[in-house]
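Note sheet for the following structure.
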Amino acid sequence: MYHGSAKTLFVKYAIPQMIGLLFNSVYIIVDGIFIGNRLGTDAMAAAAVSVPLVEFLIALSIAVSAGAGVLISGHIGRGEREEALNVFNTTVRFALVLGLLAAVLGNLFIHPLAEMLGATPQIHTEAVRYMRYIVSLSPFLIFSFLFSGLARNDGRPELAMAALVLGSISNIVLDYVFMYPLNMGVGGAALATALGPIFSVLILFPHFILKKGTLFFANMPVYPSIIQRVCTLGLPSFVMEFTIGIITFVYNAAIVRCGYGETGLAAYLIIGYLMLIILTVFLGLAEGLQPVFSYFSGTEETERSDRLCRFAVRIFLAAGIMCYLLVILFSRPFFRIFNPADVALIDFAREKSLYYFWGFFLAGCNILMIAFWQSTGKTSRALIVSLSRSMIFPPVLTAVLPAILGREIIWFCHSAAEGLTSGIVLFLFLIYRYKDPAMRQR
């Protein structure tokens with residue numbers, strides 16, 4: 001299952017997951033396109049408020065999937081198929097509980113949640129309307145990413161990719177139907193987003209129910225110790241994936257605090273869509289490699305794991321540099337898709353994006369090392385890096401630097417946070433190399 005060179009494994013596992021996640025990101029971006037063209041700037045700002053919520057749910061699912069995946073691939077690598085099956089069935093039931101809790105609590109506290117996420121009085125009603133569809137159908141969103149990740153760990157990366165792609169295509173079709181012929185407004189865009197994952201689940205479900213791999217549904221007891229290990233191992237992935245949501249929340253608050261208002265929120269929404277694409281490339285590649293790194297950890301093939309990691313670092317750096325060049329060349333046409341009539345908004349977003357993305361070539365390597373350390377059991381290192389690039393450096397920089405250097409500096413803070421995180425990665429790597437005699441000999 002994991003035979004071949006570093007290049008072969010990268011192409012087989014990393015590329016399909018990247019493609020699947022990119023298409024999955026499309027359904028969030030398509031909402032922005034339809035909302036901007038159909039409903040205008042205030043509706044875009046209402047949708048922007050909901051982005052952290054969507055990202056939280058995605059991060060929760062990917063965390064559970066990654067934590068279970070590390071255990072499952074390790075068990076498979078050691079030939080422990082019964083243990084892998086126990087992890088799978090316990091995780092599925094745990095995810096069901098999480099999905100139901102998200103739906104119930106989300107609806108109960110939806111108004112204070114909207115205010116917490118930055119909804120101003122002008123857009124509060126529309127933001128709540130958008131969010132209600134998302135939380136009500138959140139179990140399907142959670143299971144779409146969970147089943148996708150587990151299918152990948154079960155040796156079916158192409159099936160995982162197909163499910164995410166077809167789910168995204170269904171959302172695009174529903175976006176048009178709900179917002180134009182049915183004229184459902186911002187609620188139609190949210191409903192399309194909420195329904196898309198159902199199609200992904202329907203595609204993935206037969207793999208597990210028909211026993212087409214090592215993992216399938218079975219009447220097995222729930223093991224609390226497995227849930228604890230899944231949560232512990234998945235925590236770095238949660239923070240890594242939810243970084244997009246955390247950053248969006250931090251910037252929404254900073255934009256309002258610095259006086260940019262609804263125009264600033266709308267501009268950051270479309271900058272955030274571009275951020276979503278770039279980070280999804282990195283996240284998809286890194287997540288795709290998780291089963292391989294975990295399998296090598298289980299079989300103790302350290303040299304093959306390190307060789308794959310070194311190959312991936314070169315690819316991630318090249319991809320990061322290419323992404324910034326594309327931002328320079330094509331960000332204006334990209335932003336124009338969302339609201340072509342608002343020239344001032346497009347000019348504002350274009351200018352700030354050049355500042356915002358200057359250090360993103362480092363983000364890919366940060367994400368890769370989180371995935372590598374998490375997959376090989378070095379959870380504390382992965383968690384340090386995840387927290388540095390999400391919950392430590394961005395909030396501190398956006399709170400402190402504008403007070404010293406003026407409000408314009410907030411557009412530099414995200415890339416600065418990635419740069420500081422890269423310093424943490426290098427520091428941890430050097431410590432690891434110094435303490436490990438085998439590493440010093442390489």
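By convention here, the chains of the structure tokens are called A, B, ... in the order presented, each chain's residues are numbered starting at 1, and ligands are numbered starting at 1 in the order presented.
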Which residues of segment 62-97 of chain A sit at most 10 Å from segment 237-248 of chain A, using only C-alpha atoms? Give each one's shortest atom pair and distance in Å (one decimal place), in chain and ascending residue order, as a Markdown table.
```
| residue | atom | partner | partner_atom | distance |
| --- | --- | --- | --- | --- |
| A:Ile62 | CA | A:Phe238 | CA | 6.6 |
| A:Ala63 | CA | A:Phe238 | CA | 4.6 |
| A:Val64 | CA | A:Phe238 | CA | 8.1 |
| A:Ser65 | CA | A:Ser237 | CA | 9.1 |
| A:Ala66 | CA | A:Ser237 | CA | 6.7 |
| A:Gly67 | CA | A:Ser237 | CA | 8.0 |
```
With N, CA, C and O atoms retained, could you export that selection as a PDB file, in the first residue's frame?
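As written to disk, out-v8.pdb reads:
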```
ATOM      1  N   ILE A  62     -11.564  17.249  10.978  1.00  0.00           N
ATOM      2  CA  ILE A  62     -10.234  16.855  10.528  1.00  0.00           C
ATOM      3  C   ILE A  62      -9.369  16.425  11.712  1.00  0.00           C
ATOM      4  O   ILE A  62      -8.547  15.507  11.596  1.00  0.00           O
ATOM      5  N   ALA A  63      -9.556  17.056  12.868  1.00  0.00           N
ATOM      6  CA  ALA A  63      -8.797  16.670  14.060  1.00  0.00           C
ATOM      7  C   ALA A  63      -9.120  15.241  14.469  1.00  0.00           C
ATOM      8  O   ALA A  63      -8.223  14.434  14.748  1.00  0.00           O
ATOM      9  N   VAL A  64     -10.424  14.918  14.519  1.00  0.00           N
ATOM     10  CA  VAL A  64     -10.825  13.555  14.870  1.00  0.00           C
ATOM     11  C   VAL A  64     -10.316  12.570  13.827  1.00  0.00           C
ATOM     12  O   VAL A  64      -9.797  11.494  14.158  1.00  0.00           O
ATOM     13  N   SER A  65     -10.438  12.958  12.553  1.00  0.00           N
ATOM     14  CA  SER A  65      -9.962  12.089  11.469  1.00  0.00           C
ATOM     15  C   SER A  65      -8.461  11.871  11.542  1.00  0.00           C
ATOM     16  O   SER A  65      -7.968  10.743  11.389  1.00  0.00           O
ATOM     17  N   ALA A  66      -7.707  12.939  11.792  1.00  0.00           N
ATOM     18  CA  ALA A  66      -6.247  12.827  11.844  1.00  0.00           C
ATOM     19  C   ALA A  66      -5.797  12.014  13.052  1.00  0.00           C
ATOM     20  O   ALA A  66      -4.906  11.159  12.946  1.00  0.00           O
ATOM     21  N   GLY A  67      -6.407  12.269  14.214  1.00  0.00           N
ATOM     22  CA  GLY A  67      -6.047  11.506  15.403  1.00  0.00           C
ATOM     23  C   GLY A  67      -6.319  10.025  15.222  1.00  0.00           C
ATOM     24  O   GLY A  67      -5.481   9.173  15.555  1.00  0.00           O
TER      25      GLY A  67
END
```
**Prompt:** Mind checking DSSP for segment 97-297 of chain A and telling me the alpha helix (DSSP H) residues as a count of residues only?
**Reply:** 167
**Message:** Could you list, as a list of chain:residue names, every residue within 10 Å of Leu53 of chain A, counting only C-alpha atoms and ignoring same-chain residues fewer than 4 positions away?
**Reply:**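 Near neighbours after the sequence-gap exclusion: A:Ala48, A:Val49, A:Leu57, A:Ile58, A:Ala59, A:Gly106, A:Leu113, A:Ala114, A:Leu117, A:Met131, A:Ile134, A:Val135, A:Phe242, A:Gly245, A:Ile246, A:Phe249.
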**Selection: 7 Å around segment 189-191 of chain A, only C-alpha atoms, excl. self and same-chain fewer than 5 positions, as a PyMOL selection string** = chain A and resi 31+130+133-134+175+178-179
I need the chosen residues saved as a PDB file, in the first residue's frame, with N, CA, C and O atoms.
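Resulting contents of out09.pdb:
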```
ATOM      1  N   ASP A  31     -20.021  30.665  -2.612  1.00  0.00           N
ATOM      2  CA  ASP A  31     -20.978  31.453  -1.835  1.00  0.00           C
ATOM      3  C   ASP A  31     -20.656  32.940  -1.933  1.00  0.00           C
ATOM      4  O   ASP A  31     -21.545  33.776  -2.126  1.00  0.00           O
ATOM      5  N   TYR A 130     -27.638  32.946   7.945  1.00  0.00           N
ATOM      6  CA  TYR A 130     -26.613  32.123   7.293  1.00  0.00           C
ATOM      7  C   TYR A 130     -26.146  31.015   8.238  1.00  0.00           C
ATOM      8  O   TYR A 130     -26.054  29.841   7.864  1.00  0.00           O
ATOM      9  N   TYR A 133     -28.436  27.568   9.089  1.00  0.00           N
ATOM     10  CA  TYR A 133     -28.368  26.413   8.192  1.00  0.00           C
ATOM     11  C   TYR A 133     -27.088  25.601   8.439  1.00  0.00           C
ATOM     12  O   TYR A 133     -27.102  24.375   8.411  1.00  0.00           O
ATOM     13  N   ILE A 134     -25.986  26.305   8.672  1.00  0.00           N
ATOM     14  CA  ILE A 134     -24.706  25.634   8.860  1.00  0.00           C
ATOM     15  C   ILE A 134     -24.733  24.743  10.098  1.00  0.00           C
ATOM     16  O   ILE A 134     -24.356  23.566  10.054  1.00  0.00           O
ATOM     17  N   ASP A 175     -26.115  26.374  -5.180  1.00  0.00           N
ATOM     18  CA  ASP A 175     -25.969  27.816  -4.990  1.00  0.00           C
ATOM     19  C   ASP A 175     -26.754  28.580  -6.045  1.00  0.00           C
ATOM     20  O   ASP A 175     -27.490  29.523  -5.736  1.00  0.00           O
ATOM     21  N   PHE A 178     -30.710  27.984  -5.594  1.00  0.00           N
ATOM     22  CA  PHE A 178     -31.313  28.623  -4.422  1.00  0.00           C
ATOM     23  C   PHE A 178     -31.272  30.145  -4.493  1.00  0.00           C
ATOM     24  O   PHE A 178     -32.183  30.816  -4.003  1.00  0.00           O
ATOM     25  N   MET A 179     -30.214  30.697  -5.109  1.00  0.00           N
ATOM     26  CA  MET A 179     -30.062  32.152  -5.083  1.00  0.00           C
ATOM     27  C   MET A 179     -30.672  32.857  -6.288  1.00  0.00           C
ATOM     28  O   MET A 179     -31.010  34.032  -6.202  1.00  0.00           O
TER      29      MET A 179
END
```
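Neighbours of Pro157 of chain A closer than or equal to 9 Å, with only C-alpha atoms counted and sequence neighbours fewer than 6 positions away skipped, come out as Lys12, Tyr13, Ala14, Pro16, Gln17, Ser148, Gly149, Ala151 and Gly288 of chain A.
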**Request:** Just the residues within 7 Å of Thr398 of chain A, please, counting only C-alpha atoms, with nothing from its chain fewer than 4 positions along; format it as a list of chain:residue names.
**Result:**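 Those residues are A:Ala254, A:Pro394, A:Pro402, A:Ile410, A:Cys413.
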**Complete:** Expressed in Å, the length from atom CA of Arg304 of chain A to atom CA of Leu279 of chain A is 26.1 Å
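Around segment 139-145 of chain A, within 6 Å and counting only C-alpha atoms, the residues found are Ser61, Gly99, Ser148, Pro197, Ile198, Ser200 and Val201 of chain A, once anything fewer than 3 positions away on its own chain is removed.
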**Request:** Pick out the closest residue to Ser138 of chain A from this set: A:Ala253, A:Val343, A:Leu430, A:Ala103. Count only C-alpha atoms.
**Result:** A:Ala103
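The smallest atom-to-atom distance between Leu269 of chain A and any of A:Phe338, A:Phe217, A:Phe208, A:Phe199, using only C-alpha atoms, is found for A:Phe338.
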**Separation of atom CA of Ser386 of chain A from atom CA of Ala363 of chain A, in Å and rounded to one decimal** =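 Separating atom CA of Ser386 of chain A from atom CA of Ala363 of chain A is a distance of 10.9 Å.
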